[in-house]
file target-v6.cif (mmCIF, C-alpha atoms and all ligand atoms)
data_model
loop_
_atom_site.group_PDB
_atom_site.id
_atom_site.type_symbol
_atom_site.label_atom_id
_atom_site.label_comp_id
_atom_site.auth_asym_id
_atom_site.auth_seq_id
_atom_site.Cartn_x
_atom_site.Cartn_y
_atom_site.Cartn_z
ATOM 1 C CA MET V 1 -0.401 17.677 -22.924
ATOM 2 C CA SER V 2 0.993 14.485 -21.576
ATOM 3 C CA GLU V 3 2.357 12.105 -24.157
ATOM 4 C CA PHE V 4 0.545 9.114 -22.712
ATOM 5 C CA LEU V 5 -2.842 10.794 -22.712
ATOM 6 C CA SER V 6 -2.346 12.332 -26.131
ATOM 7 C CA ARG V 7 -1.811 8.835 -27.494
ATOM 8 C CA LYS V 8 -4.985 7.713 -25.729
ATOM 9 C CA PRO V 9 -7.278 10.750 -25.985
ATOM 10 C CA GLU V 10 -10.341 8.757 -24.943
ATOM 11 C CA LEU V 11 -8.882 8.564 -21.431
ATOM 12 C CA LEU V 12 -9.098 12.322 -21.140
ATOM 13 C CA LEU V 13 -12.865 12.133 -21.293
ATOM 14 C CA ARG V 14 -13.037 9.966 -18.233
ATOM 15 C CA PRO V 15 -12.886 10.963 -14.640
ATOM 16 C CA PHE V 16 -10.191 9.455 -12.466
ATOM 17 C CA PRO V 17 -12.589 7.928 -9.972
ATOM 18 C CA VAL V 18 -10.097 6.426 -7.599
ATOM 19 C CA VAL V 19 -7.652 9.309 -7.815
ATOM 20 C CA SER V 20 -10.234 11.892 -6.884
ATOM 21 C CA GLU V 21 -11.954 9.659 -4.346
ATOM 22 C CA VAL V 22 -8.992 8.413 -2.385
ATOM 23 C CA THR V 23 -6.415 11.143 -2.739
ATOM 24 C CA ALA V 24 -8.053 14.537 -2.878
ATOM 25 C CA ASP V 25 -4.661 16.182 -2.285
ATOM 26 C CA SER V 26 -3.007 14.640 -5.319
ATOM 27 C CA ASP V 27 -1.514 16.758 -8.046
ATOM 28 C CA LEU V 28 -3.159 15.114 -11.054
ATOM 29 C CA GLN V 29 -0.552 16.422 -13.513
ATOM 30 C CA ALA V 30 2.184 14.829 -11.448
ATOM 31 C CA VAL V 31 0.205 11.583 -11.156
ATOM 32 C CA VAL V 32 -0.189 11.396 -14.934
ATOM 33 C CA ARG V 33 3.503 12.177 -15.432
ATOM 34 C CA TYR V 34 4.394 9.473 -12.945
ATOM 35 C CA MET V 35 2.183 7.002 -14.822
ATOM 36 C CA GLU V 36 3.847 7.881 -18.107
ATOM 37 C CA ALA V 37 7.312 7.586 -16.646
ATOM 38 C CA THR V 38 6.719 4.165 -15.118
ATOM 39 C CA LEU V 39 4.770 2.784 -18.080
ATOM 40 C CA SER V 40 7.522 3.827 -20.474
ATOM 41 C CA GLY V 41 10.249 2.408 -18.248
ATOM 42 C CA ASN V 42 11.722 5.789 -17.346
ATOM 43 C CA LYS V 43 12.980 5.124 -13.801
ATOM 44 C CA GLN V 44 14.823 8.403 -13.534
ATOM 45 C CA ALA V 45 11.787 10.525 -14.411
ATOM 46 C CA ALA V 46 9.655 8.579 -11.935
ATOM 47 C CA HIS V 47 12.281 9.047 -9.239
ATOM 48 C CA GLU V 48 12.559 12.772 -9.964
ATOM 49 C CA LEU V 49 8.813 13.291 -9.575
ATOM 50 C CA VAL V 50 8.832 11.721 -6.121
ATOM 51 C CA SER V 51 12.050 13.474 -5.210
ATOM 52 C CA MET V 52 10.599 16.831 -6.302
ATOM 53 C CA ALA V 53 7.498 16.262 -4.194
ATOM 54 C CA MET V 54 9.727 15.559 -1.187
ATOM 55 C CA LYS V 55 11.938 18.571 -1.858
ATOM 56 C CA GLY V 56 8.715 20.573 -2.045
ATOM 57 C CA GLY V 57 7.982 19.585 1.554
ATOM 58 C CA GLN V 58 6.074 16.324 1.314
ATOM 59 C CA THR V 59 7.091 13.459 3.541
ATOM 60 C CA LEU V 60 7.921 10.074 2.040
ATOM 61 C CA THR V 61 4.451 8.876 3.055
ATOM 62 C CA GLU V 62 2.671 11.875 1.557
ATOM 63 C CA ALA V 63 4.542 11.525 -1.734
ATOM 64 C CA ALA V 64 3.836 7.786 -1.843
ATOM 65 C CA VAL V 65 0.121 8.084 -1.044
ATOM 66 C CA ARG V 66 -0.552 11.153 -3.196
ATOM 67 C CA LEU V 67 1.586 10.268 -6.200
ATOM 68 C CA ILE V 68 2.580 6.610 -6.453
ATOM 69 C CA GLN V 69 -0.633 5.155 -5.063
ATOM 70 C CA PRO V 70 -3.141 6.943 -7.338
ATOM 71 C CA ALA V 71 -0.885 6.277 -10.327
ATOM 72 C CA MET V 72 -0.857 2.555 -9.504
ATOM 73 C CA TYR V 73 -4.636 2.521 -9.026
ATOM 74 C CA GLU V 74 -5.078 4.129 -12.428
ATOM 75 C CA ILE V 75 -2.566 1.705 -13.954
ATOM 76 C CA GLY V 76 -4.634 -1.140 -12.465
ATOM 77 C CA ARG V 77 -7.751 0.237 -14.103
ATOM 78 C CA LEU V 78 -6.020 0.585 -17.479
ATOM 79 C CA TRP V 79 -4.705 -2.982 -17.154
ATOM 80 C CA GLN V 80 -8.166 -4.302 -16.282
ATOM 81 C CA GLU V 81 -9.617 -2.535 -19.326
ATOM 82 C CA GLY V 82 -6.905 -3.888 -21.632
ATOM 83 C CA ALA V 83 -5.570 -0.381 -22.402
ATOM 84 C CA ILE V 84 -2.099 -1.441 -21.236
ATOM 85 C CA THR V 85 -0.465 -4.865 -21.109
ATOM 86 C CA VAL V 86 0.361 -7.011 -18.095
ATOM 87 C CA ALA V 87 4.036 -6.407 -18.936
ATOM 88 C CA GLN V 88 3.568 -2.633 -18.702
ATOM 89 C CA GLU V 89 1.822 -2.985 -15.334
ATOM 90 C CA HIS V 90 4.695 -5.197 -14.103
ATOM 91 C CA LEU V 91 7.219 -2.606 -15.317
ATOM 92 C CA ALA V 92 5.388 0.214 -13.521
ATOM 93 C CA THR V 93 5.196 -1.842 -10.317
ATOM 94 C CA ALA V 94 8.872 -2.796 -10.425
ATOM 95 C CA ILE V 95 9.891 0.823 -11.009
ATOM 96 C CA SER V 96 7.657 1.979 -8.159
ATOM 97 C CA HIS V 97 9.402 -0.436 -5.794
ATOM 98 C CA LYS V 98 12.786 1.012 -6.869
ATOM 99 C CA VAL V 99 11.559 4.586 -6.611
ATOM 100 C CA LEU V 100 10.310 3.946 -3.076
ATOM 101 C CA ALA V 101 13.612 2.368 -2.096
ATOM 102 C CA ARG V 102 15.511 5.419 -3.385
ATOM 103 C CA ALA V 103 13.111 7.835 -1.706
ATOM 104 C CA TYR V 104 13.556 5.926 1.569
ATOM 105 C CA LEU V 105 17.256 6.813 1.442
ATOM 106 C CA GLN V 106 16.322 10.488 1.063
ATOM 107 C CA THR V 107 14.061 10.385 4.112
ATOM 108 C CA THR V 108 14.534 11.862 7.548
ATOM 109 C CA PHE V 109 13.507 9.429 10.274
ATOM 110 C CA MET V 110 12.253 10.452 13.697
ATOM 111 C CA PRO V 111 14.155 9.042 16.679
ATOM 112 C CA PRO V 112 13.061 5.611 17.939
ATOM 113 C CA ILE V 113 9.926 5.577 20.099
ATOM 114 C CA TRP V 114 10.355 1.937 21.207
ATOM 115 C CA ARG V 115 7.162 0.667 19.616
ATOM 116 C CA LYS V 116 7.229 -2.252 17.235
ATOM 117 C CA ALA V 117 4.948 -3.287 14.379
ATOM 118 C CA LEU V 118 5.060 -6.256 12.043
ATOM 119 C CA PHE V 119 3.771 -6.023 8.449
ATOM 120 C CA ALA V 120 2.636 -8.937 6.287
ATOM 121 C CA GLY V 121 0.562 -9.671 3.229
ATOM 122 C CA ILE V 122 -1.901 -12.381 4.175
ATOM 123 C CA GLU V 123 -1.464 -15.825 2.663
ATOM 124 C CA GLY V 124 -2.449 -15.657 -1.008
ATOM 125 C CA ASN V 125 -1.941 -11.913 -1.383
ATOM 126 C CA GLN V 126 0.864 -11.189 -3.828
ATOM 127 C CA HIS V 127 0.520 -7.403 -3.665
ATOM 128 C CA SER V 128 3.232 -5.718 -1.619
ATOM 129 C CA LEU V 129 3.668 -2.093 -2.685
ATOM 130 C CA GLY V 130 0.980 -0.744 -0.344
ATOM 131 C CA LEU V 131 2.389 -2.750 2.548
ATOM 132 C CA THR V 132 5.862 -1.349 1.846
ATOM 133 C CA ILE V 133 4.518 2.204 1.891
ATOM 134 C CA LEU V 134 2.744 1.499 5.168
ATOM 135 C CA SER V 135 5.773 -0.085 6.794
ATOM 136 C CA ASP V 136 8.053 2.770 5.676
ATOM 137 C CA ALA V 137 5.477 5.237 7.020
ATOM 138 C CA PHE V 138 5.659 3.738 10.511
ATOM 139 C CA GLU V 139 9.440 3.684 10.335
ATOM 140 C CA THR V 140 9.590 7.400 9.506
ATOM 141 C CA ILE V 141 7.777 8.218 12.753
ATOM 142 C CA GLY V 142 10.169 6.202 14.903
ATOM 143 C CA TRP V 143 8.557 2.769 15.080
ATOM 144 C CA GLU V 144 10.662 -0.336 14.831
ATOM 145 C CA VAL V 145 9.256 -2.258 11.874
ATOM 146 C CA SER V 146 9.519 -5.823 10.722
ATOM 147 C CA TYR V 147 8.435 -6.205 7.114
ATOM 148 C CA LEU V 148 7.654 -9.727 5.902
ATOM 149 C CA GLY V 149 6.337 -8.829 2.439
ATOM 150 C CA ALA V 150 3.615 -10.535 0.426
ATOM 151 C CA ASP V 151 1.864 -13.890 0.793
ATOM 152 C CA VAL V 152 3.022 -15.032 4.232
ATOM 153 C CA PRO V 153 1.743 -18.545 5.081
ATOM 154 C CA VAL V 154 -0.493 -18.281 8.113
ATOM 155 C CA VAL V 155 1.372 -20.956 10.069
ATOM 156 C CA ASP V 156 4.654 -19.079 9.635
ATOM 157 C CA LEU V 157 3.028 -15.757 10.401
ATOM 158 C CA VAL V 158 1.817 -17.030 13.771
ATOM 159 C CA LYS V 159 5.334 -18.313 14.572
ATOM 160 C CA GLN V 160 6.964 -15.038 13.563
ATOM 161 C CA VAL V 161 4.552 -12.957 15.615
ATOM 162 C CA ASP V 162 5.276 -15.219 18.565
ATOM 163 C CA ILE V 163 9.030 -14.750 18.092
ATOM 164 C CA GLU V 164 9.026 -10.997 17.484
ATOM 165 C CA LYS V 165 6.173 -10.014 19.832
ATOM 166 C CA PRO V 166 5.184 -6.771 18.081
ATOM 167 C CA GLU V 167 2.651 -4.481 19.679
ATOM 168 C CA LEU V 168 0.851 -4.088 16.345
ATOM 169 C CA LEU V 169 0.371 -6.494 13.438
ATOM 170 C CA CYS V 170 -0.625 -4.985 10.074
ATOM 171 C CA LEU V 171 -2.124 -7.393 7.563
ATOM 172 C CA SER V 172 -2.665 -6.403 3.949
ATOM 173 C CA LEU V 173 -5.400 -7.826 1.734
ATOM 174 C CA SER V 174 -6.076 -6.751 -1.824
ATOM 175 C CA MET V 175 -8.900 -8.764 -3.299
ATOM 176 C CA PRO V 176 -12.347 -9.650 -1.938
ATOM 177 C CA SER V 177 -11.295 -13.302 -1.847
ATOM 178 C CA HIS V 178 -8.653 -12.361 0.744
ATOM 179 C CA LEU V 179 -11.297 -11.335 3.278
ATOM 180 C CA LEU V 180 -12.096 -14.848 4.434
ATOM 181 C CA MET V 181 -8.427 -15.764 4.648
ATOM 182 C CA ALA V 182 -7.923 -12.647 6.751
ATOM 183 C CA ARG V 183 -10.785 -13.611 9.054
ATOM 184 C CA ASP V 184 -9.310 -17.115 9.510
ATOM 185 C CA THR V 185 -5.838 -15.657 10.059
ATOM 186 C CA VAL V 186 -7.064 -13.275 12.761
ATOM 187 C CA LEU V 187 -8.956 -16.098 14.487
ATOM 188 C CA ARG V 188 -5.918 -18.353 14.387
ATOM 189 C CA LEU V 189 -3.602 -15.677 15.760
ATOM 190 C CA ARG V 190 -5.967 -14.985 18.654
ATOM 191 C CA THR V 191 -6.517 -18.672 19.387
ATOM 192 C CA GLU V 192 -2.850 -19.657 19.262
ATOM 193 C CA LEU V 193 -1.321 -16.586 20.900
ATOM 194 C CA GLY V 194 -4.038 -15.840 23.457
ATOM 195 C CA SER V 195 -3.137 -12.873 25.643
ATOM 196 C CA GLN V 196 0.176 -12.530 23.729
ATOM 197 C CA CYS V 197 -1.706 -11.687 20.518
ATOM 198 C CA PRO V 198 -0.870 -8.161 19.308
ATOM 199 C CA THR V 199 -3.379 -5.560 18.209
ATOM 200 C CA ILE V 200 -4.326 -6.501 14.655
ATOM 201 C CA TRP V 201 -5.038 -3.974 11.928
ATOM 202 C CA VAL V 202 -6.054 -4.821 8.394
ATOM 203 C CA GLY V 203 -6.144 -2.726 5.248
ATOM 204 C CA GLY V 204 -5.880 -2.825 1.493
ATOM 205 C CA ARG V 205 -8.341 -2.645 -1.384
ATOM 206 C CA ALA V 206 -10.386 -5.621 -0.215
ATOM 207 C CA THR V 207 -11.364 -3.801 2.949
ATOM 208 C CA LEU V 208 -13.119 -1.135 0.888
ATOM 209 C CA VAL V 209 -15.833 -3.489 -0.398
ATOM 210 C CA ALA V 210 -18.161 -2.493 2.438
ATOM 211 C CA GLU V 211 -18.040 -0.193 5.418
ATOM 212 C CA HIS V 212 -16.690 -1.851 8.563
ATOM 213 C CA VAL V 213 -15.951 -5.143 6.801
ATOM 214 C CA TRP V 214 -12.609 -5.028 8.663
ATOM 215 C CA ARG V 215 -14.485 -5.143 11.975
ATOM 216 C CA ASP V 216 -17.670 -7.098 11.220
ATOM 217 C CA VAL V 217 -16.222 -9.794 8.944
ATOM 218 C CA VAL V 218 -12.491 -9.921 9.592
ATOM 219 C CA LYS V 219 -12.830 -9.109 13.333
ATOM 220 C CA ALA V 220 -9.699 -6.989 13.340
ATOM 221 C CA ASP V 221 -8.995 -4.319 15.943
ATOM 222 C CA GLY V 222 -8.250 -1.528 13.510
ATOM 223 C CA TRP V 223 -8.162 -0.379 9.916
ATOM 224 C CA ALA V 224 -6.956 2.517 7.784
ATOM 225 C CA VAL V 225 -7.761 3.543 4.247
ATOM 226 C CA ASP V 226 -4.143 4.396 3.477
ATOM 227 C CA ALA V 227 -0.783 4.967 5.117
ATOM 228 C CA LEU V 228 -1.519 8.601 5.979
ATOM 229 C CA HIS V 229 -4.765 7.627 7.699
ATOM 230 C CA ALA V 230 -2.873 4.919 9.591
ATOM 231 C CA LEU V 231 -0.316 7.434 10.881
ATOM 232 C CA GLU V 232 -3.079 9.828 11.966
ATOM 233 C CA GLN V 233 -4.300 7.105 14.299
ATOM 234 C CA VAL V 234 -0.981 6.429 15.995
ATOM 235 C CA VAL V 235 0.529 9.909 16.184
ATOM 236 C CA PRO V 236 -0.579 11.444 19.505
HETATM 237 C C1 LIG A 301 0.659 -4.195 -9.111
HETATM 238 C C2 LIG A 301 -0.544 -5.082 -9.058
HETATM 239 C C3 LIG A 301 -0.340 -6.457 -9.058
HETATM 240 C C4 LIG A 301 1.044 -7.100 -8.947
HETATM 241 C C5 LIG A 301 1.550 -6.927 -7.491
HETATM 242 C C6 LIG A 301 3.076 -6.959 -7.403
HETATM 243 C C7 LIG A 301 3.588 -6.424 -6.108
HETATM 244 N N1 LIG A 301 4.818 -6.781 -5.819
HETATM 245 O O1 LIG A 301 2.933 -5.699 -5.358
HETATM 246 C C8 LIG A 301 0.747 -8.594 -9.358
HETATM 247 C C9 LIG A 301 1.110 -8.750 -10.817
HETATM 248 C C10 LIG A 301 1.440 -9.666 -8.521
HETATM 249 C C11 LIG A 301 -0.763 -8.649 -9.231
HETATM 250 C C12 LIG A 301 -1.447 -9.845 -9.249
HETATM 251 C C13 LIG A 301 -2.824 -9.932 -9.286
HETATM 252 N N2 LIG A 301 -3.696 -8.909 -9.322
HETATM 253 CO CO1 LIG A 301 -3.197 -7.070 -8.991
HETATM 254 N N3 LIG A 301 -2.919 -5.231 -9.000
HETATM 255 C C14 LIG A 301 -1.848 -4.520 -9.001
HETATM 256 C C15 LIG A 301 -2.222 -3.030 -9.017
HETATM 257 C C16 LIG A 301 -2.110 -2.508 -10.441
HETATM 258 C C17 LIG A 301 -1.439 -2.110 -8.124
HETATM 259 C C18 LIG A 301 -1.357 -2.564 -6.651
HETATM 260 C C19 LIG A 301 -0.696 -1.460 -5.899
HETATM 261 O O2 LIG A 301 0.508 -1.475 -5.749
HETATM 262 N N4 LIG A 301 -1.460 -0.420 -5.498
HETATM 263 C C20 LIG A 301 -0.905 0.780 -4.887
HETATM 264 C C21 LIG A 301 -0.819 0.625 -3.360
HETATM 265 C C22 LIG A 301 0.001 1.769 -2.789
HETATM 266 O O3 LIG A 301 -2.135 0.738 -2.861
HETATM 267 P P1 LIG A 301 -2.775 -0.296 -1.844
HETATM 268 O O4 LIG A 301 -2.294 -1.652 -2.116
HETATM 269 O O5 LIG A 301 -4.236 -0.037 -1.872
HETATM 270 O O6 LIG A 301 -2.177 0.109 -0.419
HETATM 271 C C23 LIG A 301 -2.556 1.258 0.338
HETATM 272 C C24 LIG A 301 -3.854 1.109 1.135
HETATM 273 O O7 LIG A 301 -4.732 0.133 0.642
HETATM 274 C C25 LIG A 301 -3.406 0.822 2.540
HETATM 275 N N5 LIG A 301 -3.110 -0.542 2.967
HETATM 276 C C26 LIG A 301 -2.706 -1.608 2.272
HETATM 277 N N6 LIG A 301 -2.485 -2.652 3.078
HETATM 278 C C27 LIG A 301 -2.748 -2.244 4.325
HETATM 279 C C28 LIG A 301 -2.692 -2.911 5.551
HETATM 280 C C29 LIG A 301 -3.046 -2.231 6.721
HETATM 281 C C30 LIG A 301 -3.003 -2.932 8.051
HETATM 282 C C31 LIG A 301 -3.463 -0.869 6.643
HETATM 283 C C32 LIG A 301 -3.856 -0.147 7.892
HETATM 284 C C33 LIG A 301 -3.519 -0.202 5.411
HETATM 285 C C34 LIG A 301 -3.154 -0.894 4.276
HETATM 286 O O8 LIG A 301 -2.195 1.550 2.641
HETATM 287 C C35 LIG A 301 -1.476 1.427 1.401
HETATM 288 C C36 LIG A 301 -0.601 2.646 1.243
HETATM 289 O O9 LIG A 301 -1.333 3.852 1.361
HETATM 290 C C37 LIG A 301 -3.687 -3.123 -8.501
HETATM 291 C C38 LIG A 301 -4.536 -1.902 -8.825
HETATM 292 C C39 LIG A 301 -4.995 -1.217 -7.540
HETATM 293 N N7 LIG A 301 -6.135 -0.586 -7.630
HETATM 294 O O10 LIG A 301 -4.352 -1.255 -6.507
HETATM 295 C C40 LIG A 301 -4.130 -4.446 -9.104
HETATM 296 C C41 LIG A 301 -5.310 -5.206 -8.538
HETATM 297 C C42 LIG A 301 -5.337 -5.125 -7.017
HETATM 298 N N8 LIG A 301 -5.027 -6.579 -8.949
HETATM 299 C C43 LIG A 301 -6.061 -7.220 -9.378
HETATM 300 C C44 LIG A 301 -6.059 -8.555 -9.840
HETATM 301 C C45 LIG A 301 -7.359 -9.051 -10.465
HETATM 302 C C46 LIG A 301 -4.925 -9.365 -9.733
HETATM 303 C C47 LIG A 301 -4.794 -10.841 -10.120
HETATM 304 C C48 LIG A 301 -5.992 -11.739 -9.769
HETATM 305 C C49 LIG A 301 -4.482 -10.864 -11.625
HETATM 306 C C50 LIG A 301 -4.368 -12.258 -12.214
HETATM 307 N N9 LIG A 301 -5.326 -12.569 -13.042
HETATM 308 O O11 LIG A 301 -3.477 -12.981 -11.901
HETATM 309 C C51 LIG A 301 -3.521 -11.262 -9.361
HETATM 310 C C52 LIG A 301 -3.838 -11.753 -7.928
HETATM 311 C C53 LIG A 301 -2.606 -12.054 -7.161
HETATM 312 C C54 LIG A 301 -2.899 -12.379 -5.712
HETATM 313 N N10 LIG A 301 -3.310 -13.610 -5.435
HETATM 314 O O12 LIG A 301 -2.759 -11.534 -4.850
HETATM 315 C C55 LIG A 301 -7.306 -6.369 -9.285
HETATM 316 C C56 LIG A 301 -8.196 -6.780 -8.115
HETATM 317 C C57 LIG A 301 -9.664 -6.672 -8.496
HETATM 318 C C58 LIG A 301 -10.547 -7.019 -7.355
HETATM 319 N N11 LIG A 301 -11.555 -7.793 -7.634
HETATM 320 O O13 LIG A 301 -10.350 -6.585 -6.266
HETATM 321 C C59 LIG A 301 -6.717 -4.923 -9.211
HETATM 322 C C60 LIG A 301 -7.569 -3.902 -8.425
HETATM 323 C C61 LIG A 301 -6.521 -4.440 -10.675
HETATM 324 C C62 LIG A 301 -7.805 -4.203 -11.373
HETATM 325 N N12 LIG A 301 -8.278 -2.996 -11.458
HETATM 326 O O14 LIG A 301 -8.408 -5.105 -11.857
HETATM 327 N N13 LIG A 301 -1.319 -7.410 -9.140
#
call {"tool": "encode", "arguments": {"input": "target-v6.cif", "output": "structure tokens"}}
result
Amino acid sequence: MSEFLSRKPELLLRPFPVVSEVTADSDLQAVVRYMEATLSGNKQAAHELVSMAMKGGQTLTEAAVRLIQPAMYEIGRLWQEGAITVAQEHLATAISHKVLARAYLQTTFMPPIWRKALFAGIEGNQHSLGLTILSDAFETIGWEVSYLGADVPVVDLVKQVDIEKPELLCLSLSMPSHLLMARDTVLRLRTELGSQCPTIWVGGRATLVAEHVWRDVVKADGWAVDALHALEQVVP
């Protein structure tokens, strides 16, 4: 039995709603082990779990979406319920960023396909792990990617899109309060860039609050539930 869960037996009685809902292909044992490793500060164990998944045939994106993502969702739930501290959540997030960076170096990339996408967290969104996974996912299939990270001021985002002229802009939003900022950002990009405005996709937890909120409220051109779903839509 996992050490973390044996210390918190009450957690065993609960379902893992997000894990089972979002990532049906996840290996729950591995997810729990990954949670334990990151929450206890064991970088090496966390790295080995992802590395093992990749040696077992998973791509970087599959390992990230099936292992790191559900673990982080569960860590978020534990944090919200006060079962772990903010410091432990920060530790797990920091380790996950390192693990992803190491796994990236282990990855085989497809040859360039001369398509470019730009990735940014909308203004006010400090979450960046999901965006990193998404950006890396596009890179593995040969896209040129430009990754701006979290919380990009809208005025600077418009300028950067104008400079880089990507074909696709991926905006990440995590909390319901980010939806209106995303809607304003999309409107501003379209108004200021006109026919030069790229295709705009949005994603992130906030877009799950209601079906088609990405289209009906944010007025984006596209959406994906996770990085694997995003790749399904661009791989011919
Ligand atoms: C780590 C974390 C943080 C870190 C982020 C650090 C970092 N560098 O990323 C910090 C500490 C900064 C943080 C801050 C806050 N957080 Co926080 N955070 C989390 C946590 C635990 C994990 C986030 C994560 O990495 N998830 C894993 C990634 C892989 O998943 P993902 O983001 O969903 O991304 C995938 C898909 O959504 C999709 N996707 C994402 N973006 C895009 C974009 C496009 C275009 C597409 C197609 C797809 C796509 O693909 C990704 C890969 O598959 C979540 C829990 C959770 N459920 O996610 C809470 C969570 C999101 N946070 C929460 C809260 C409340 C906050 C704070 C308000 C806390 C506070 N009181 O200060 C602040 C808000 C900061 C802000 N203004 O943004 C809540 C939000 C609740 C809500 N109402 O929605 C959550 C859900 C925790 C919880 N259960 O309560 N947080």
call {"tool": "closest_residue", "arguments": {"input": "target-v6.cif", "among": "V:Asp216, V:Asp226, V:Glu74, V:Asp184", "to": "ligand LIG 301 (chain A)", "atoms": "only C-alpha atoms and all ligand atoms"}}
result
V:Asp226
call {"tool": "residues_around", "arguments": {"input": "target-v6.cif", "residues": "Leu78 in chain V", "least_positions_apart": "6", "cutoff": "10 Å", "atoms": "all atoms listed in the file", "output": "PyMOL selection string"}}
result
chain V and resi 11+72+84-86+89
call {"tool": "residues_near_ligand", "arguments": {"input": "target-v6.cif", "ligand": "ligand LIG 301 (chain A)", "cutoff": "6 Å", "atoms": "all atoms listed in the file", "output": "JSON list (two decimals) with C-alpha atoms, in the coordinates of the input"}}
result
[["chain", "number", "residue", "atom", "x", "y", "z"],
["V", 65, "VAL", "CA", 0.12, 8.08, -1.04],
["V", 69, "GLN", "CA", -0.63, 5.16, -5.06],
["V", 72, "MET", "CA", -0.86, 2.56, -9.50],
["V", 73, "TYR", "CA", -4.64, 2.52, -9.03],
["V", 75, "ILE", "CA", -2.57, 1.70, -13.95],
["V", 76, "GLY", "CA", -4.63, -1.14, -12.46],
["V", 77, "ARG", "CA", -7.75, 0.24, -14.10],
["V", 80, "GLN", "CA", -8.17, -4.30, -16.28],
["V", 93, "THR", "CA", 5.20, -1.84, -10.32],
["V", 124, "GLY", "CA", -2.45, -15.66, -1.01],
["V", 125, "ASN", "CA", -1.94, -11.91, -1.38],
["V", 126, "GLN", "CA", 0.86, -11.19, -3.83],
["V", 127, "HIS", "CA", 0.52, -7.40, -3.66],
["V", 128, "SER", "CA", 3.23, -5.72, -1.62],
["V", 129, "LEU", "CA", 3.67, -2.09, -2.68],
["V", 130, "GLY", "CA", 0.98, -0.74, -0.34],
["V", 131, "LEU", "CA", 2.39, -2.75, 2.55],
["V", 133, "ILE", "CA", 4.52, 2.20, 1.89],
["V", 134, "LEU", "CA", 2.74, 1.50, 5.17],
["V", 170, "CYS", "CA", -0.62, -4.99, 10.07],
["V", 171, "LEU", "CA", -2.12, -7.39, 7.56],
["V", 172, "SER", "CA", -2.66, -6.40, 3.95],
["V", 174, "SER", "CA", -6.08, -6.75, -1.82],
["V", 175, "MET", "CA", -8.90, -8.76, -3.30],
["V", 176, "PRO", "CA", -12.35, -9.65, -1.94],
["V", 201, "TRP", "CA", -5.04, -3.97, 11.93],
["V", 202, "VAL", "CA", -6.05, -4.82, 8.39],
["V", 203, "GLY", "CA", -6.14, -2.73, 5.25],
["V", 204, "GLY", "CA", -5.88, -2.82, 1.49],
["V", 205, "ARG", "CA", -8.34, -2.64, -1.38],
["V", 223, "TRP", "CA", -8.16, -0.38, 9.92],
["V", 224, "ALA", "CA", -6.96, 2.52, 7.78],
["V", 225, "VAL", "CA", -7.76, 3.54, 4.25],
["V", 226, "ASP", "CA", -4.14, 4.40, 3.48],
["V", 227, "ALA", "CA", -0.78, 4.97, 5.12],
["V", 230, "ALA", "CA", -2.87, 4.92, 9.59]]
call {"tool": "closest_residue", "arguments": {"input": "target-v6.cif", "among": "V:Val213, V:Leu157, V:Trp143, V:Ser195", "to": "Ile113 in chain V", "atoms": "all atoms listed in the file"}}
result
V:Trp143
call {"tool": "closest_residue", "arguments": {"input": "target-v6.cif", "among": "V:Ala83, V:Asp156, V:Glu123, V:Leu231", "to": "Gly142 in chain V", "atoms": "all atoms listed in the file"}}
result
V:Leu231
call {"tool": "build_atoms", "arguments": {"input": "target-v6.cif", "residues": "range 30-39 of chain V", "atoms": "N, CA and C atoms", "output": "compact mmCIF listing (two decimals), in the frame of the given file"}}
result
# COMPACT_ATOMS: atom_id res chain seq x y z
N ALA V 30 1.03 15.62 -11.89
CA ALA V 30 2.18 14.83 -11.45
C ALA V 30 1.85 13.34 -11.48
N VAL V 31 0.61 13.00 -11.12
CA VAL V 31 0.20 11.58 -11.16
C VAL V 31 0.29 11.06 -12.59
N VAL V 32 -0.22 11.84 -13.53
CA VAL V 32 -0.19 11.40 -14.93
C VAL V 32 1.26 11.28 -15.42
N ARG V 33 2.09 12.24 -15.03
CA ARG V 33 3.50 12.18 -15.43
C ARG V 33 4.18 10.96 -14.82
N TYR V 34 3.81 10.65 -13.60
CA TYR V 34 4.39 9.47 -12.94
C TYR V 34 3.95 8.20 -13.68
N MET V 35 2.66 8.17 -14.07
CA MET V 35 2.18 7.00 -14.82
C MET V 35 2.96 6.83 -16.12
N GLU V 36 3.12 7.94 -16.82
CA GLU V 36 3.85 7.88 -18.11
C GLU V 36 5.27 7.40 -17.92
N ALA V 37 5.91 7.94 -16.88
CA ALA V 37 7.31 7.59 -16.65
C ALA V 37 7.43 6.09 -16.37
N THR V 38 6.58 5.58 -15.48
CA THR V 38 6.72 4.16 -15.12
C THR V 38 6.29 3.26 -16.27
N LEU V 39 5.24 3.65 -16.99
CA LEU V 39 4.77 2.78 -18.08
C LEU V 39 5.75 2.76 -19.25
